[in-house]
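> Supplied structure: run-v2.cif, mmCIF, C-alpha atoms.
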```cif
data_final
loop_
_atom_site.label_atom_id
_atom_site.label_comp_id
_atom_site.auth_asym_id
_atom_site.auth_seq_id
_atom_site.Cartn_x
_atom_site.Cartn_y
_atom_site.Cartn_z
CA MET A 145 140.25 235.72 127.20
CA ARG A 146 143.35 233.57 127.06
CA VAL A 147 147.07 234.16 126.66
CA ILE A 148 149.77 231.87 125.34
CA ILE A 149 152.71 231.40 127.69
CA TYR A 150 155.99 230.32 126.14
CA GLU A 151 158.17 228.98 128.94
CA GLY A 152 161.09 228.60 126.53
CA THR A 153 164.12 226.36 126.87
CA ALA A 154 166.49 227.42 129.60
CA SER A 155 170.12 227.70 128.65
CA LEU A 156 171.97 224.40 128.85
CA TYR A 157 174.95 226.18 130.29
CA ALA A 158 172.97 228.05 132.92
CA LYS A 159 171.43 224.80 134.19
CA GLN A 160 174.38 222.44 133.97
CA ASN A 161 175.66 223.40 137.41
CA GLU A 162 173.38 224.54 140.21
CA ARG A 163 176.15 225.57 142.55
CA LYS A 164 176.01 229.21 143.61
CA TYR A 165 179.49 229.79 142.19
CA MET A 166 180.39 229.14 138.57
CA GLN A 167 183.02 230.58 136.27
CA TYR A 168 183.07 230.65 132.47
CA HIS A 169 186.30 231.05 130.49
CA ILE A 170 185.46 232.70 127.17
CA THR A 171 187.50 232.58 123.97
CA ALA A 172 186.28 234.57 120.98
CA PRO A 173 186.35 233.29 117.38
CA ALA A 174 188.77 234.70 114.81
CA GLN A 175 185.83 235.63 112.61
CA PHE A 176 182.05 235.21 112.45
CA ARG A 177 179.11 235.54 110.07
CA GLN A 178 176.05 234.39 112.00
CA THR A 179 172.33 234.95 112.48
CA ILE A 180 171.06 235.36 116.05
CA LYS A 181 167.42 235.04 117.11
CA LEU A 182 167.15 237.65 119.83
CA PRO A 183 164.92 237.19 122.89
CA ALA A 184 161.59 238.98 123.05
CA SER A 185 161.52 242.40 124.67
CA LYS A 186 161.31 242.09 128.45
CA SER A 187 159.94 245.62 128.77
CA ILE A 188 157.11 245.01 126.30
CA SER A 189 156.36 241.52 127.65
CA ASN A 190 155.98 242.75 131.22
CA ARG A 191 153.73 245.64 130.23
CA ALA A 192 151.62 243.40 127.98
CA LEU A 193 151.12 240.90 130.82
CA MET A 194 149.98 243.59 133.25
CA ILE A 195 147.59 245.09 130.70
CA HIS A 196 146.22 241.65 129.85
CA ALA A 197 145.58 240.92 133.54
CA LEU A 198 143.92 244.32 134.08
CA SER A 199 141.60 243.58 131.15
CA GLY A 200 140.43 240.41 132.93
CA GLY A 201 142.49 237.97 130.91
CA GLN A 202 143.52 234.60 132.30
CA LEU A 203 146.89 232.89 131.94
CA LEU A 204 146.95 229.36 130.57
CA PRO A 205 149.87 226.99 129.94
CA ASP A 206 151.38 226.83 126.47
CA ASP A 207 148.76 225.06 124.39
CA ASP A 208 148.53 224.79 120.60
CA ALA A 209 144.77 225.31 120.88
CA CYS A 210 145.42 228.84 122.12
CA HIS A 211 147.04 229.99 118.90
CA THR A 212 143.70 230.94 117.33
CA THR A 213 142.29 232.87 120.28
CA ALA A 214 141.58 236.55 119.90
CA CYS A 215 143.55 237.56 122.98
CA SER A 216 146.86 235.76 122.63
CA LEU A 217 150.17 237.35 123.53
CA GLU A 218 152.75 235.77 121.27
CA ASN A 219 156.51 235.61 121.69
CA LEU A 220 156.57 236.48 125.39
CA SER A 221 160.04 236.76 126.88
CA ASP A 222 161.32 233.62 128.63
CA CYS A 223 163.53 235.58 131.02
CA ASP A 224 163.33 235.31 134.81
CA ASP A 225 161.78 238.76 135.24
CA THR A 226 158.85 237.90 132.98
CA LYS A 227 158.42 234.40 134.40
CA VAL A 228 157.88 235.69 137.93
CA ILE A 229 155.04 237.90 136.67
CA VAL A 230 153.54 234.95 134.78
CA GLN A 231 153.67 232.76 137.88
CA ALA A 232 152.25 235.48 140.13
CA LEU A 233 149.32 236.18 137.79
CA ARG A 234 148.67 232.51 137.07
CA HIS A 235 148.68 231.20 140.66
CA ARG A 236 148.09 234.36 142.76
CA PRO A 237 149.56 232.85 145.96
CA PRO A 238 149.11 234.65 149.31
CA THR A 239 152.84 235.47 149.31
CA ILE A 240 154.29 236.48 145.95
CA ASP A 241 158.07 236.17 145.62
CA ILE A 242 159.29 238.19 142.64
CA LYS A 243 162.93 237.32 143.40
CA ALA A 244 165.25 239.99 141.89
CA ALA A 245 162.78 241.43 139.36
CA GLY A 246 162.55 245.15 140.01
CA THR A 247 159.99 245.78 137.26
CA ALA A 248 157.80 242.99 138.64
CA MET A 249 157.96 244.47 142.15
CA ARG A 250 156.83 247.90 140.96
CA PHE A 251 154.21 246.73 138.45
CA MET A 252 152.73 244.02 140.71
CA THR A 253 152.52 246.40 143.68
CA ALA A 254 150.28 248.76 141.71
CA TYR A 255 148.31 245.89 140.17
CA LEU A 256 147.59 244.20 143.50
CA ALA A 257 146.45 247.50 144.99
CA VAL A 258 143.45 247.59 142.60
CA GLN A 259 142.43 243.91 143.01
CA ASP A 260 139.29 244.38 145.05
CA GLY A 261 139.02 241.94 147.97
CA ALA A 262 142.40 240.25 147.47
CA GLU A 263 145.21 240.34 150.05
CA HIS A 264 148.84 239.50 149.29
CA VAL A 265 152.35 239.93 150.64
CA ILE A 266 154.90 240.71 147.93
CA THR A 267 158.58 240.10 148.61
CA GLY A 268 161.85 239.29 146.85
CA THR A 269 165.55 238.62 147.27
CA GLU A 270 167.67 240.16 150.02
CA ARG A 271 168.86 242.79 147.53
CA MET A 272 165.24 243.55 146.60
CA LYS A 273 164.48 244.19 150.28
CA HIS A 274 167.02 247.02 150.12
CA ARG A 275 165.73 248.61 146.91
CA PRO A 276 163.50 251.59 147.75
CA ILE A 277 159.80 251.51 146.94
CA GLY A 278 158.51 254.23 149.28
CA THR A 279 157.78 256.74 146.52
CA LEU A 280 155.44 254.32 144.75
CA VAL A 281 153.76 253.23 147.98
CA ASP A 282 153.18 256.86 148.99
CA ALA A 283 151.65 257.63 145.58
CA LEU A 284 149.34 254.61 145.73
CA ARG A 285 148.30 255.50 149.27
CA GLN A 286 147.33 258.97 148.02
CA LEU A 287 145.01 257.19 145.59
CA GLY A 288 143.51 255.26 148.53
CA ALA A 289 145.53 252.04 148.43
CA ASP A 290 145.86 249.90 151.56
CA ILE A 291 149.58 249.02 151.72
CA THR A 292 151.70 248.40 154.81
CA TYR A 293 155.37 247.58 155.22
CA VAL A 294 156.10 244.10 156.58
CA GLY A 295 159.73 244.97 157.36
CA GLU A 296 161.75 248.16 157.04
CA GLU A 297 159.83 251.34 156.24
CA GLY A 298 160.23 252.31 152.58
CA PHE A 299 161.32 248.87 151.37
CA PRO A 300 159.76 245.50 150.50
CA PRO A 301 158.17 243.22 151.65
CA LEU A 302 154.71 244.81 151.42
CA ARG A 303 151.27 243.68 152.56
CA ILE A 304 148.65 244.83 150.05
CA ARG A 305 144.89 244.67 150.56
CA GLY A 306 143.33 245.30 147.16
CA GLN A 307 140.29 247.51 146.68
CA ARG A 308 138.61 249.72 144.13
CA LEU A 309 140.46 253.04 143.96
CA GLN A 310 138.94 256.38 143.00
CA GLY A 311 141.97 257.77 141.19
CA GLY A 312 142.04 261.41 140.14
CA PRO A 313 144.92 263.92 140.35
CA LEU A 314 148.34 262.81 141.58
CA GLU A 315 151.73 264.51 141.69
CA VAL A 316 155.09 262.71 141.78
CA PRO A 317 158.69 263.78 141.07
CA GLY A 318 159.76 263.30 137.46
CA ASN A 319 163.24 262.15 138.46
CA ILE A 320 162.10 258.92 140.12
CA SER A 321 162.45 255.56 138.40
CA SER A 322 160.26 255.36 135.30
CA GLN A 323 159.06 251.98 136.60
CA TYR A 324 157.19 253.80 139.41
CA ILE A 325 155.57 256.10 136.87
CA SER A 326 154.73 253.26 134.50
CA ALA A 327 153.22 251.22 137.35
CA LEU A 328 150.85 254.10 138.16
CA LEU A 329 149.97 254.70 134.52
CA LEU A 330 149.22 251.04 133.83
CA ILE A 331 146.47 250.92 136.49
CA GLY A 332 145.03 254.27 135.35
CA PRO A 333 142.23 252.78 133.22
CA ALA A 334 141.13 250.66 136.24
CA LEU A 335 140.69 253.72 138.50
CA GLN A 336 137.11 255.00 138.81
CA GLN A 337 138.09 258.58 137.94
CA GLY A 338 141.08 257.68 135.81
CA LEU A 339 144.40 259.35 136.57
CA THR A 340 145.85 262.80 136.05
CA LEU A 341 149.55 262.39 136.75
CA ARG A 342 151.73 265.48 137.06
CA LEU A 343 155.49 264.95 136.98
CA THR A 344 157.43 267.69 138.76
CA GLY A 345 161.00 268.76 138.03
CA ASP A 346 163.22 266.99 135.51
CA ILE A 347 161.71 263.89 133.89
CA ILE A 348 164.20 261.03 133.51
CA SER A 349 163.85 257.87 131.41
CA ARG A 350 161.13 259.53 129.32
CA PRO A 351 161.45 256.83 126.58
CA TYR A 352 160.23 254.18 129.04
CA ILE A 353 157.22 256.34 129.92
CA GLU A 354 156.49 256.77 126.21
CA LEU A 355 156.74 252.99 125.76
CA THR A 356 154.15 252.48 128.51
CA LEU A 357 151.75 255.03 127.01
CA TRP A 358 152.16 253.49 123.56
CA MET A 359 151.45 250.00 124.94
CA MET A 360 148.36 251.26 126.78
CA ARG A 361 146.99 252.81 123.59
CA GLU A 362 147.74 249.59 121.69
CA PHE A 363 145.20 247.92 123.98
CA GLY A 364 142.51 250.59 123.73
CA ALA A 365 143.32 252.89 126.65
CA SER A 366 143.06 256.66 126.42
CA ALA A 367 146.40 257.94 127.77
CA GLU A 368 148.01 261.14 126.53
CA TRP A 369 150.28 264.00 127.56
CA SER A 370 147.98 266.97 128.21
CA ASN A 371 151.04 269.20 128.53
CA PHE A 372 154.80 268.76 128.89
CA GLU A 373 154.56 267.55 132.49
CA THR A 374 151.05 266.06 132.85
CA ILE A 375 149.63 262.74 131.62
CA THR A 376 145.87 262.12 131.56
CA VAL A 377 144.51 258.57 131.64
CA SER A 378 140.75 258.17 131.17
CA PRO A 379 138.75 255.51 133.08
CA GLN A 380 138.35 253.61 129.81
CA PRO A 381 138.96 249.84 130.15
CA TYR A 382 141.60 248.00 128.16
CA THR A 383 140.37 245.91 125.23
CA CYS A 384 141.53 242.44 124.30
CA ARG A 385 143.53 241.90 121.11
CA PRO A 386 146.16 239.53 119.72
CA TYR A 387 149.64 240.93 120.13
CA TYR A 388 153.09 239.91 118.90
CA ILE A 389 156.04 241.03 121.02
CA GLU A 390 159.10 242.25 119.14
CA SER A 391 162.70 241.37 119.99
CA ASP A 392 164.67 243.16 122.67
CA TRP A 393 166.88 246.10 121.68
CA SER A 394 168.66 245.87 125.05
CA ALA A 395 169.74 242.32 124.15
CA ALA A 396 170.82 243.57 120.72
CA SER A 397 173.24 245.99 122.37
CA TYR A 398 175.62 243.17 123.35
CA TRP A 399 175.85 242.01 119.74
CA TYR A 400 176.54 245.58 118.65
CA GLU A 401 179.31 245.59 121.25
CA ILE A 402 180.70 242.33 119.82
CA MET A 403 180.73 243.83 116.34
CA ALA A 404 182.42 247.03 117.57
CA LEU A 405 185.15 245.04 119.35
CA SER A 406 185.66 242.65 116.46
CA GLY A 407 188.98 243.01 114.70
CA ASN A 408 187.87 241.42 111.42
CA ALA A 409 186.48 243.80 108.81
CA ASP A 410 184.58 240.95 107.13
CA ASP A 411 182.60 239.96 110.24
CA GLU A 412 178.83 240.17 110.00
CA LEU A 413 175.93 239.61 112.41
CA ARG A 414 172.24 239.29 111.56
CA LEU A 415 169.79 239.93 114.42
CA GLU A 416 166.23 238.67 114.00
CA GLY A 417 162.97 240.17 115.24
CA LEU A 418 163.82 243.87 115.65
CA MET A 419 161.66 246.73 114.41
CA ASP A 420 162.63 249.97 112.74
CA GLY A 421 160.95 252.83 114.60
CA SER A 422 160.63 250.74 117.75
CA LYS A 423 159.25 252.44 120.86
CA GLN A 424 161.88 250.73 123.02
CA GLY A 425 164.19 253.37 124.48
CA ASP A 426 167.25 251.19 123.96
CA SER A 427 166.69 251.19 120.19
CA SER A 428 168.94 254.28 120.34
CA VAL A 429 171.79 251.77 120.46
CA ARG A 430 171.86 251.70 116.65
CA TYR A 431 172.69 255.41 116.50
CA LEU A 432 175.23 255.32 119.32
CA PHE A 433 177.13 252.38 117.85
CA SER A 434 177.27 254.10 114.47
CA LEU A 435 179.69 256.45 116.27
CA LEU A 436 181.83 253.43 117.18
CA GLY A 437 182.01 252.03 113.66
CA VAL A 438 178.99 249.71 113.43
CA LYS A 439 176.65 250.04 110.46
CA THR A 440 172.98 248.96 110.79
CA VAL A 441 170.92 247.75 107.80
CA PHE A 442 167.24 246.74 108.12
CA ASP A 443 165.84 244.11 105.73
CA THR A 444 162.58 246.09 105.76
CA THR A 445 161.60 249.37 107.38
CA THR A 446 157.84 248.72 107.34
CA ALA A 447 156.36 250.17 110.53
CA GLY A 448 155.31 247.60 113.11
CA VAL A 449 156.82 244.64 111.26
CA PRO A 450 159.66 242.65 112.90
CA THR A 451 162.57 242.18 110.56
CA THR A 452 166.24 241.20 110.47
CA VAL A 453 168.98 243.72 111.14
CA THR A 454 172.46 243.24 109.66
CA LEU A 455 175.50 244.64 111.47
CA ARG A 456 178.74 245.37 109.63
CA HIS A 457 181.85 247.48 110.16
CA SER A 458 181.76 251.01 108.77
CA GLY A 459 185.45 251.75 109.40
CA ARG A 460 184.69 255.04 111.18
CA CYS A 461 184.92 255.77 114.90
CA VAL A 462 184.78 258.94 116.98
CA PRO A 463 187.91 259.84 119.02
CA ARG A 464 185.84 260.55 122.16
CA LEU A 465 182.23 259.89 123.21
CA GLU A 466 180.08 262.06 125.46
CA TYR A 467 176.49 261.03 126.07
CA ASP A 468 173.62 261.46 128.52
CA PHE A 469 172.08 258.06 129.32
CA THR A 470 169.09 259.50 131.20
CA GLY A 471 166.72 257.96 128.66
CA SER A 472 168.50 254.61 128.34
CA PRO A 473 170.46 253.81 131.52
CA ASP A 474 170.55 250.05 130.78
CA LEU A 475 172.98 250.73 127.92
CA ALA A 476 175.59 252.38 130.14
CA GLN A 477 177.51 249.23 131.11
CA THR A 478 177.76 248.14 127.48
CA PHE A 479 179.29 251.45 126.39
CA VAL A 480 181.63 251.74 129.38
CA VAL A 481 183.20 248.36 128.56
CA CYS A 482 183.17 248.84 124.80
CA CYS A 483 184.61 252.36 124.69
CA SER A 484 187.36 251.51 127.16
CA LEU A 485 188.51 248.45 125.22
CA MET A 486 188.38 250.42 121.96
CA GLY A 487 190.52 253.18 123.52
CA VAL A 488 187.74 255.76 123.15
CA PRO A 489 187.71 258.18 126.14
CA PHE A 490 184.23 259.02 127.39
CA HIS A 491 182.14 261.14 129.73
CA PHE A 492 178.76 259.56 130.45
CA ARG A 493 176.03 261.42 132.34
CA GLY A 494 172.49 260.58 133.44
CA LEU A 495 173.49 257.52 135.46
CA SER A 496 171.78 258.33 138.77
CA THR A 497 169.48 255.28 138.65
CA LEU A 498 172.46 252.91 138.29
CA LYS A 499 173.16 253.06 142.01
CA ILE A 500 169.80 251.45 142.91
CA LYS A 501 169.69 248.71 140.28
CA GLU A 502 170.51 245.04 140.94
CA THR A 503 173.74 246.41 142.38
CA ASP A 504 175.46 249.79 142.57
CA ARG A 505 176.44 249.64 138.91
CA ILE A 506 178.67 252.71 139.05
CA GLN A 507 180.90 251.19 141.73
CA ALA A 508 180.74 247.74 140.11
CA LEU A 509 181.95 249.16 136.80
CA LYS A 510 184.82 251.00 138.48
CA ASN A 511 185.87 247.80 140.27
CA GLU A 512 185.76 245.46 137.29
CA MET A 513 187.20 247.88 134.71
CA ARG A 514 190.20 248.37 137.03
CA LYS A 515 190.74 244.60 136.82
CA LEU A 516 191.03 245.03 133.05
CA GLY A 517 193.48 247.91 133.52
CA TYR A 518 191.18 250.93 133.10
CA VAL A 519 190.78 253.61 135.79
CA LEU A 520 187.31 255.16 135.79
CA HIS A 521 186.21 258.17 137.83
CA ASP A 522 182.70 259.02 138.97
CA ALA A 523 181.07 262.32 139.86
CA ASN A 524 177.81 263.53 141.38
CA ASP A 525 176.54 259.94 141.79
CA SER A 526 175.46 260.16 138.16
CA GLU A 527 178.55 260.38 135.91
CA LEU A 528 181.38 258.12 134.78
CA VAL A 529 184.54 259.38 133.08
CA TRP A 530 187.48 257.65 131.45
CA ASN A 531 190.21 259.92 130.10
CA GLY A 532 192.59 257.18 129.02
CA GLU A 533 194.08 256.46 132.45
CA ARG A 534 195.42 252.91 132.73
CA CYS A 535 196.69 250.66 135.53
CA GLU A 536 198.20 247.20 135.79
CA PRO A 537 195.48 244.65 134.87
CA SER A 538 194.64 241.86 137.30
CA TYR A 539 191.73 239.89 135.91
CA GLU A 540 192.93 236.37 136.72
CA SER A 541 190.23 235.96 139.39
CA GLY A 542 187.54 236.76 136.83
CA ILE A 543 184.95 239.48 136.37
CA ASP A 544 182.49 239.58 139.25
CA THR A 545 178.84 240.02 138.26
CA TYR A 546 177.29 241.17 141.58
CA GLU A 547 174.07 239.22 140.93
CA ASP A 548 173.53 241.67 138.05
CA HIS A 549 172.71 240.24 134.63
CA ARG A 550 173.96 243.28 132.75
CA MET A 551 177.43 242.99 134.28
CA ALA A 552 177.80 239.52 132.76
CA LEU A 553 176.23 240.53 129.45
CA ALA A 554 178.31 243.69 129.03
CA PHE A 555 181.65 242.15 130.01
CA ALA A 556 181.42 238.88 128.03
CA PRO A 557 182.19 240.58 124.67
CA ALA A 558 185.48 241.80 126.21
CA ALA A 559 186.79 238.30 125.40
CA LEU A 560 187.34 239.62 121.86
CA ARG A 561 190.18 241.75 123.26
CA ILE A 562 191.10 239.58 126.29
CA PRO A 563 191.36 235.89 125.29
CA GLY A 564 190.18 233.47 127.97
CA LEU A 565 188.41 236.17 129.99
CA CYS A 566 186.58 234.70 133.00
CA ILE A 567 183.04 235.65 134.05
CA ASN A 568 182.06 234.71 137.61
CA ASN A 569 178.52 233.54 138.37
CA PRO A 570 177.49 233.78 134.70
CA GLN A 571 174.05 232.24 135.29
CA VAL A 572 172.73 235.71 136.23
CA VAL A 573 171.96 236.34 132.53
CA THR A 574 168.71 234.37 132.91
CA LYS A 575 167.20 237.51 134.42
CA SER A 576 166.87 239.03 130.93
CA TYR A 577 168.61 236.84 128.30
CA PRO A 578 168.51 233.11 129.22
CA ARG A 579 169.99 231.88 125.92
CA PHE A 580 172.91 234.31 125.83
CA TRP A 581 175.69 231.76 126.39
CA ASP A 582 174.13 229.38 123.87
CA ASP A 583 173.97 232.21 121.32
CA LEU A 584 177.63 233.05 121.94
CA ILE A 585 178.55 229.42 121.26
CA HIS A 586 176.43 229.50 118.09
CA CYS A 587 178.45 232.52 117.02
CA GLY A 588 181.72 230.59 117.46
CA PHE A 589 182.75 231.55 120.98
CA LYS A 590 184.24 228.81 123.16
CA ILE A 591 183.03 228.61 126.74
#
```
Mind turning this structure into structure tokens?

Amino acid sequence: MRVIIYEGTASLYAKQNERKYMQYHITAPAQFRQTIKLPASKSISNRALMIHALSGGQLLPDDDACHTTACSLENLSDCDDTKVIVQALRHRPPTIDIKAAGTAMRFMTAYLAVQDGAEHVITGTERMKHRPIGTLVDALRQLGADITYVGEEGFPPLRIRGQRLQGGPLEVPGNISSQYISALLLIGPALQQGLTLRLTGDIISRPYIELTLWMMREFGASAEWSNFETITVSPQPYTCRPYYIESDWSAASYWYEIMALSGNADDELRLEGLMDGSKQGDSSVRYLFSLLGVKTVFDTTTAGVPTTVTLRHSGRCVPRLEYDFTGSPDLAQTFVVCCSLMGVPFHFRGLSTLKIKETDRIQALKNEMRKLGYVLHDANDSELVWNGERCEPSYESGIDTYEDHRMALAFAPAALRIPGLCINNPQVVTKSYPRFWDDLIHCGFKI
């Protein structure tokens, strides 16, 4: 079994200066009518890679001869988070450095635990060493995994001695990161007794769990909800099949934001590679942005077929937006910036996981929106509110990105309302959308 790896072309602007500190000054065009080829879905790419590896597949370099193989994964994401998984699976070094890739840390931890006879240390950036992983380690240990902490208890790095695991019943809280749950589900078919996973309490980020189950079934696994809180995975191996990865709805959200903030009624954007009826949780962006005046038109609505989506202005916008982002927390930054700049007060809930992402996103948003003149308030470590309160803007020093790709991606469209807006350390976008700055330039932005 072989898989095609598309390394992609790294952004010219992300590579032109390797200093730790860079700053981009962004000026938006007066109007635009452009077609953007979106990056492949990071979420689907990462799951497909793990499933391929668990089925015994090998990773080969990009090679035209691979295009006719029965087991090719086509259109893999070229983002940093996917590349670290590719490199880990291809080379399998004794120490695996997944850098800042949270998904890779969770998925690879579970994967390595079932690699009989292999021993690895998995580590990452300094921030990664402060992102909790104890819940996943505890769950894997209950299944029989041999995992020890190299440093601080409950956090990476980890030493993992792989072995065959029995599997069986397991209970974890439903309000933990869906990446923990997905990591456990993905190895389910490799467990000798399969996995019966019961999620207790409230279940957050359910769309990401559904995406994982859908991907598993796409590759022949038997994985279903047996009731509202329990998932049963049979010890039925994955099967090999060719698979094309659709474009990323999370990446599309920034172009929806650009359209919403655009002041020209004739502007139009065409986004390639998206699917109607996508299992990606962030596909809800099309419905949310319809409330902010963006109309979505699919070229075709055939199930499972990537197509082009056209964005236009509808001329209608709600006076206030309230929404629970429990199922799609990665969209929160986009809507915080967009609603504020559009003058749409909001109350956003379901943001508890934002505090343990690449940075504390709740605090980061409060800091940077204040620079733009907007005073946000938080509550219960899971809510953000803006009721129209303003302050004196002071954005001359630029928007800080906190080593968080989504801070740069969400704030860049603000240049449509703030000419010459500066983004500090903009190269962080390579984590999920390496060509973002190039695509902005293609759309007429000046950087």
> Can you turn the PyMOL selection byres ((chain A and resi 305-321) around 8) into a concrete residue list for this file, as a ChimeraX atom specification?
/A:256-264,283,286-291,303-304,322-325,332,335-349,497
> Output C-alpha atoms for every residue in that selection, as an mmCIF file, in the frame of the given file.

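Listing of selection_19.cif after writing:
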```cif
data_model
loop_
_atom_site.group_PDB
_atom_site.id
_atom_site.type_symbol
_atom_site.label_atom_id
_atom_site.label_comp_id
_atom_site.auth_asym_id
_atom_site.auth_seq_id
_atom_site.Cartn_x
_atom_site.Cartn_y
_atom_site.Cartn_z
ATOM 1 C CA LEU A 256 147.590 244.200 143.500
ATOM 2 C CA ALA A 257 146.450 247.500 144.990
ATOM 3 C CA VAL A 258 143.450 247.590 142.600
ATOM 4 C CA GLN A 259 142.430 243.910 143.010
ATOM 5 C CA ASP A 260 139.290 244.380 145.050
ATOM 6 C CA GLY A 261 139.020 241.940 147.970
ATOM 7 C CA ALA A 262 142.400 240.250 147.470
ATOM 8 C CA GLU A 263 145.210 240.340 150.050
ATOM 9 C CA HIS A 264 148.840 239.500 149.290
ATOM 10 C CA ALA A 283 151.650 257.630 145.580
ATOM 11 C CA GLN A 286 147.330 258.970 148.020
ATOM 12 C CA LEU A 287 145.010 257.190 145.590
ATOM 13 C CA GLY A 288 143.510 255.260 148.530
ATOM 14 C CA ALA A 289 145.530 252.040 148.430
ATOM 15 C CA ASP A 290 145.860 249.900 151.560
ATOM 16 C CA ILE A 291 149.580 249.020 151.720
ATOM 17 C CA ARG A 303 151.270 243.680 152.560
ATOM 18 C CA ILE A 304 148.650 244.830 150.050
ATOM 19 C CA SER A 322 160.260 255.360 135.300
ATOM 20 C CA GLN A 323 159.060 251.980 136.600
ATOM 21 C CA TYR A 324 157.190 253.800 139.410
ATOM 22 C CA ILE A 325 155.570 256.100 136.870
ATOM 23 C CA GLY A 332 145.030 254.270 135.350
ATOM 24 C CA LEU A 335 140.690 253.720 138.500
ATOM 25 C CA GLN A 336 137.110 255.000 138.810
ATOM 26 C CA GLN A 337 138.090 258.580 137.940
ATOM 27 C CA GLY A 338 141.080 257.680 135.810
ATOM 28 C CA LEU A 339 144.400 259.350 136.570
ATOM 29 C CA THR A 340 145.850 262.800 136.050
ATOM 30 C CA LEU A 341 149.550 262.390 136.750
ATOM 31 C CA ARG A 342 151.730 265.480 137.060
ATOM 32 C CA LEU A 343 155.490 264.950 136.980
ATOM 33 C CA THR A 344 157.430 267.690 138.760
ATOM 34 C CA GLY A 345 161.000 268.760 138.030
ATOM 35 C CA ASP A 346 163.220 266.990 135.510
ATOM 36 C CA ILE A 347 161.710 263.890 133.890
ATOM 37 C CA ILE A 348 164.200 261.030 133.510
ATOM 38 C CA SER A 349 163.850 257.870 131.410
ATOM 39 C CA THR A 497 169.480 255.280 138.650
#
```
> Would you be able to write out as a ChimeraX atom specification which residues have an atom within 9 Å of (151.7, 244.5, 132.7) in the file's coordinates, counting all atoms listed in the file?
/A:188-198,229,248,251-252,255,327,330
> Just checking: using all atoms listed in the file, which residue out of A:Pro351, A:Asp411, A:Thr454, A:Asp443 ends up closest to Ser427 (chain A)?
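Closest candidate: A:Pro351.
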> Need the shell around His457 (chain A): protein/DNA/RNA residues with any atom at most 8 Å away, counting all atoms listed in the file. Skip same-chain ones fewer than 4 positions apart. Format as a list in words?
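My reading of the contact set: Met403, Ala404, Ala409, Asp410, Asp411, Glu412, Gly437, Val438 and Lys439 of chain A.
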> I need the residue nearest Phe363 (chain A) from this list: A:Ser428, A:His169, A:Leu217, A:Ala254. Use all atoms listed in the file for the distance.
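The closest residue to Phe363 (chain A) is A:Leu217.
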> Could you state which residues are captured by the PyMOL selection byres ((chain A and resi 533-539) around 7) in this file, as a PDB file with C-alpha atoms, in the frame of the given file?

```
ATOM      1  CA  ARG A 514     190.200 248.370 137.030  1.00  0.00           C
ATOM      2  CA  LYS A 515     190.740 244.600 136.820  1.00  0.00           C
ATOM      3  CA  LEU A 516     191.030 245.030 133.050  1.00  0.00           C
ATOM      4  CA  GLY A 517     193.480 247.910 133.520  1.00  0.00           C
ATOM      5  CA  TYR A 518     191.180 250.930 133.100  1.00  0.00           C
ATOM      6  CA  VAL A 519     190.780 253.610 135.790  1.00  0.00           C
ATOM      7  CA  TRP A 530     187.480 257.650 131.450  1.00  0.00           C
ATOM      8  CA  ASN A 531     190.210 259.920 130.100  1.00  0.00           C
ATOM      9  CA  GLY A 532     192.590 257.180 129.020  1.00  0.00           C
ATOM     10  CA  GLU A 540     192.930 236.370 136.720  1.00  0.00           C
ATOM     11  CA  SER A 541     190.230 235.960 139.390  1.00  0.00           C
ATOM     12  CA  GLY A 542     187.540 236.760 136.830  1.00  0.00           C
ATOM     13  CA  ILE A 543     184.950 239.480 136.370  1.00  0.00           C
TER      14      ILE A 543
END
```
> Separation of CA of Met359 (chain A) and CA of Ser378 (chain A), in Å?
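About the pair CA of Met359 (chain A) and CA of Ser378 (chain A): they are 14.8 Å apart.
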> One decimal, in Å: what's the spacing between CA of Asp224 (chain A) and CA of Val573 (chain A)?
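So the two atoms, CA of Asp224 (chain A) and CA of Val573 (chain A), lie 9.0 Å apart.
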> Suppose a student applies the PyMOL selection byres ((chain A and resi 556) around 9) to this structure; what residues should they get, written as a short mmCIF file (atom, residue, chain, number, x, y, z; two decimals) with C-alpha atoms, keeping the file's coordinate frame?

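Full text of expr23.cif as output:
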```cif
data_model
loop_
_atom_site.label_atom_id
_atom_site.label_comp_id
_atom_site.auth_asym_id
_atom_site.auth_seq_id
_atom_site.Cartn_x
_atom_site.Cartn_y
_atom_site.Cartn_z
CA ILE A 170 185.46 232.70 127.17
CA TYR A 398 175.62 243.17 123.35
CA ILE A 402 180.70 242.33 119.82
CA MET A 551 177.43 242.99 134.28
CA ALA A 552 177.80 239.52 132.76
CA LEU A 553 176.23 240.53 129.45
CA ALA A 554 178.31 243.69 129.03
CA PHE A 555 181.65 242.15 130.01
CA PRO A 557 182.19 240.58 124.67
CA ALA A 558 185.48 241.80 126.21
CA ALA A 559 186.79 238.30 125.40
CA LEU A 560 187.34 239.62 121.86
CA LEU A 565 188.41 236.17 129.99
CA CYS A 566 186.58 234.70 133.00
CA ILE A 567 183.04 235.65 134.05
#
```
> Using all atoms listed in the file, find the one residue out of A:Gly298, A:Pro379, A:Ser406, A:Gly494 that sits nearest to Ala334 (chain A).
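Closest candidate: A:Pro379.
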> List the spatial neighbours of Val429 (chain A) as a VMD selection string - criterion: any atom at most 10 Å away, all atoms listed in the file, same-chain residues fewer than 2 positions off excluded.
chain A and resid 393 to 394 396 to 398 400 to 401 425 to 427 431 to 434 472 475 478 to 479
> Could you jot down the CA of Pro578 (chain A) to CA of Ala172 (chain A) separation for me, Å, one decimal place?
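Calculated distance between CA of Pro578 (chain A) and CA of Ala172 (chain A) is 19.6 Å.
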